[in-house]
Structure formats: C-alpha cells, structure tokens
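Remarks on the structure that follows.
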Amino acid sequence: MDLLYFAWVRERIGTGQEQVDPPETVRSVADLIGWLATRSAGHAEAMREPERLRAAIDQKFVSLDAPLGAAREVALFPPVTGG
Amino acid sequence: MIRVSIDPAPIELAVELAALEERGAGGVASFTGVVRGDDGVTALELEHYPGMTEQALIALAEAACARWSLLAVTMVHRVGVMVPGDRIVFIGTAAQHRREALEACAWLIDRLKTDAPFWKREQLGEDARWVEARASDADAAARWGSD
C-alpha cells in the first residue's frame, strides 16, 4: 500500500511517501493510524492526535472509520486550507 | 467549458476574464483571492495533492454546471511560494444571466475551501506555521446544502 503525507504530517514523519504492508488486523483508516504510530518517533508524533487528521483513499476524501478495503493509495493530512 | 489549472506561475487575471467573456455569455462573475500580509506574514507556501487536486476541482466545476446553467467555469489555483499581494486563486463563471454566474462563483469558492486538498504554510520572517482550518469555512460551505 502506498502512503502519502502532506503538510505537518509529512514534516513530522520526515517523508512525503512510503510503501507499507500492514497486518490483516489493520482494517480501517483509524486502525492504520494506530499502527503507523508504532513505526517511529516521527510517525508517533504525526499520529498523536487522530482527531486532527483527515484522509483520502485512492484520491477520495474518506472518514477515519472508512474501511481500507483494496486501497492502493492512502493519504493522511491535516484539514485542508486552500483558497 | 471547464478549465482547471494548478500552477506555480502567477495568475493572469485579464487573460482568464477575457477567455470567459469570449464564451459570448451575458454575464461573467469572478472571485480573486489575494495573499494577505497581516500578522507579519512575509510569504505563503501552498502545498497540494497532485492528481487528487485536479480531480477535486473538476468535480466541483461539474457539480456547479449541474446546479446552475453555466456556459463556462474557470478554476485556477496557484501553488508554491507567494508573497502578500500575489493572487492565490481565481474562480470565474460565465452564464446568460448574472444570478447564475454570481451564485455559482460564490458556491465554487466556498466549496473549494473545504473540498480541495491544498495546505497553506505562512512564513513570518524566520518562523513558519501551517495555517489551521477555520470552522467558518466549513459553515460557509455547508450553508449551500448538499449538491
């Protein structure tokens, strides 16, 4: 699964993208956030407050309780601030 | 006709407006967002999600065309580093009558604020901070109801 990070999520993790192979127990975006938090100190800092995170699966916004299903690309980022 | 552009180059207002006028509409409405220099902001950096951003803007433009009778929609968002006074976003709509053009333009900028993956980082001299999303933007988008 390809992961993409943007804004301060990217800065805290130290990279904008990585490939991961989470265990089968990781079924939702929220599960993924919890699992990612264990990968490094940077990941833990980025995932510390899940309520401040938003997500997209295959380039569509989803809620954090959305199932990952057959997701190829998952992005995690703060609430958007364009315009 | 829908035109969506995400570009680090400066937004050419006259060119965008002229293209909309050439559609032969009775009315052209537009919104231009400009980088503010309040709170000592010296530069603004725009990050986005390549691929998803274009899709999100096209989806908004198509939804506007389904809701209002429009001849053309233009959505241009600048990315990269800007300074106060620079244009950051341009929304333009062309329609036979003013109400359609004005309402669609207002809807598009309200929805762009909440539905497109852009992030602003403000530079204040040596310091930098990510801009926080505002609840008032979500309220502005929600007041239009669902598509």
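Each chain in the structure tokens gets a letter, A, B, ..., in the order shown, and its residues are numbered from 1; ligands are numbered from 1 in order too.
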
request  = Find the residues near range 18-33 of chain B: any atom within 10 Å, counting only C-alpha atoms, skip ones fewer than 6 places away on the same chain, and give them as JSON, numbers by chain.
outcome  = {"A": [83], "B": [1, 3, 11, 70, 71, 72, 73, 74, 75, 76, 77, 85, 86, 87, 88, 89, 90, 91, 92, 93, 94, 95, 96, 97, 98, 99, 100, 101, 102, 103, 104, 105, 106, 108, 109]}

Let's have the selection written as a CSV table (one decimal), in the first residue's frame, with N, CA and C atoms.
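After the write, selection05.csv holds the following:
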chain,number,residue,atom,x,y,z
A,83,GLY,N,-7.6,28.0,-1.1
A,83,GLY,CA,-8.4,29.2,-1.5
A,83,GLY,C,-7.9,30.5,-1.1
B,1,MET,N,-17.9,24.8,-20.8
B,1,MET,CA,-16.5,24.6,-20.9
B,1,MET,C,-15.9,24.7,-19.5
B,3,ARG,N,-12.4,24.9,-17.3
B,3,ARG,CA,-10.9,25.0,-17.3
B,3,ARG,C,-10.4,25.0,-15.8
B,11,ILE,N,-1.1,34.2,-11.6
B,11,ILE,CA,-2.4,34.1,-12.3
B,11,ILE,C,-2.6,35.4,-13.1
B,70,LEU,N,-24.6,27.2,-16.8
B,70,LEU,CA,-23.4,27.9,-17.0
B,70,LEU,C,-22.8,27.6,-18.4
B,71,LEU,N,-22.2,28.6,-19.0
B,71,LEU,CA,-21.5,28.4,-20.2
B,71,LEU,C,-20.0,28.1,-20.0
B,72,ALA,N,-19.5,28.5,-18.9
B,72,ALA,CA,-18.0,28.2,-18.7
B,72,ALA,C,-17.7,28.4,-17.2
B,73,VAL,N,-16.8,27.6,-16.7
B,73,VAL,CA,-16.2,27.7,-15.4
B,73,VAL,C,-14.7,27.6,-15.5
B,74,THR,N,-14.1,28.5,-14.8
B,74,THR,CA,-12.6,28.5,-14.7
B,74,THR,C,-12.2,28.5,-13.3
B,75,MET,N,-11.3,27.5,-12.9
B,75,MET,CA,-10.8,27.5,-11.5
B,75,MET,C,-9.3,27.4,-11.6
B,76,VAL,N,-8.6,28.4,-11.2
B,76,VAL,CA,-7.1,28.5,-11.2
B,76,VAL,C,-6.6,28.6,-9.8
B,77,HIS,N,-5.7,27.7,-9.4
B,77,HIS,CA,-5.1,27.9,-8.0
B,77,HIS,C,-3.6,27.9,-8.2
B,85,GLY,N,0.0,40.2,-1.6
B,85,GLY,CA,-0.4,40.9,-2.8
B,85,GLY,C,-0.5,40.0,-4.0
B,86,ASP,N,0.1,38.8,-4.0
B,86,ASP,CA,0.0,37.9,-5.1
B,86,ASP,C,-1.4,37.3,-5.1
B,87,ARG,N,-1.9,37.0,-6.3
B,87,ARG,CA,-3.1,36.2,-6.5
B,87,ARG,C,-2.9,34.8,-6.2
B,88,ILE,N,-3.8,34.2,-5.4
B,88,ILE,CA,-3.6,32.8,-5.0
B,88,ILE,C,-4.6,31.9,-5.7
B,89,VAL,N,-5.8,32.5,-5.9
B,89,VAL,CA,-6.9,31.7,-6.5
B,89,VAL,C,-7.8,32.6,-7.4
B,90,PHE,N,-8.3,32.0,-8.5
B,90,PHE,CA,-9.2,32.7,-9.4
B,90,PHE,C,-10.3,31.8,-9.7
B,91,ILE,N,-11.6,32.2,-9.5
B,91,ILE,CA,-12.8,31.5,-9.9
B,91,ILE,C,-13.5,32.3,-10.8
B,92,GLY,N,-13.9,31.9,-12.0
B,92,GLY,CA,-14.7,32.6,-12.9
B,92,GLY,C,-15.8,31.8,-13.5
B,93,THR,N,-17.0,32.4,-13.6
B,93,THR,CA,-18.1,31.7,-14.2
B,93,THR,C,-18.8,32.6,-15.3
B,94,ALA,N,-19.2,32.0,-16.4
B,94,ALA,CA,-19.9,32.7,-17.4
B,94,ALA,C,-21.3,32.1,-17.6
B,95,ALA,N,-22.3,32.9,-17.7
B,95,ALA,CA,-23.7,32.4,-17.8
B,95,ALA,C,-24.5,33.5,-18.6
B,96,GLN,N,-25.7,33.1,-19.1
B,96,GLN,CA,-26.5,34.0,-19.8
B,96,GLN,C,-27.0,35.2,-18.9
B,97,HIS,N,-27.2,34.8,-17.6
B,97,HIS,CA,-27.7,35.9,-16.7
B,97,HIS,C,-26.9,36.0,-15.4
B,98,ARG,N,-26.9,37.1,-14.8
B,98,ARG,CA,-26.0,37.4,-13.7
B,98,ARG,C,-26.2,36.5,-12.5
B,99,ARG,N,-27.5,36.1,-12.2
B,99,ARG,CA,-27.7,35.4,-11.0
B,99,ARG,C,-27.0,34.0,-11.0
B,100,GLU,N,-27.1,33.3,-12.1
B,100,GLU,CA,-26.4,32.0,-12.3
B,100,GLU,C,-24.9,32.2,-12.1
B,101,ALA,N,-24.4,33.2,-12.8
B,101,ALA,CA,-22.9,33.3,-12.7
B,101,ALA,C,-22.5,33.7,-11.3
B,102,LEU,N,-23.2,34.6,-10.6
B,102,LEU,CA,-22.8,35.1,-9.3
B,102,LEU,C,-22.9,34.0,-8.3
B,103,GLU,N,-24.1,33.3,-8.3
B,103,GLU,CA,-24.3,32.2,-7.3
B,103,GLU,C,-23.3,31.1,-7.5
B,104,ALA,N,-23.1,30.7,-8.7
B,104,ALA,CA,-22.1,29.6,-8.9
B,104,ALA,C,-20.7,29.9,-8.5
B,105,CYS,N,-20.3,31.2,-8.8
B,105,CYS,CA,-19.0,31.6,-8.4
B,105,CYS,C,-18.8,31.6,-6.8
B,106,ALA,N,-19.8,32.1,-6.1
B,106,ALA,CA,-19.8,32.1,-4.7
B,106,ALA,C,-19.7,30.6,-4.1
B,108,LEU,N,-18.6,28.0,-5.7
B,108,LEU,CA,-17.4,27.3,-6.0
B,108,LEU,C,-16.2,27.7,-5.1
B,109,ILE,N,-16.1,29.0,-4.7
B,109,ILE,CA,-15.0,29.3,-3.8
B,109,ILE,C,-15.3,28.8,-2.4

ask   = Would you list which chain A residues are within 12 Å of chain B using only C-alpha atoms, as a PyMOL selection string?
value = chain A and resi 4-11+16-17+52-62+73-83

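When only C-alpha atoms are used to compute distances to Ala59 in chain B, the closest of the residues B:Arg36, B:Gly80, B:Asp127, B:Val4 turns out to be B:Val4.
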
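Between Asp21 in chain A and the residues A:Glu45, A:Pro50, A:Ser63, A:Ala71, the shortest atom-to-atom distance, using only C-alpha atoms, involves A:Ala71.
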
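For Glu18 in chain A, the residues within 7 Å (counting only C-alpha atoms, excluding itself and residues fewer than 2 positions away along the chain) are A:Asp2, A:Leu3, A:Leu4, A:Val20.
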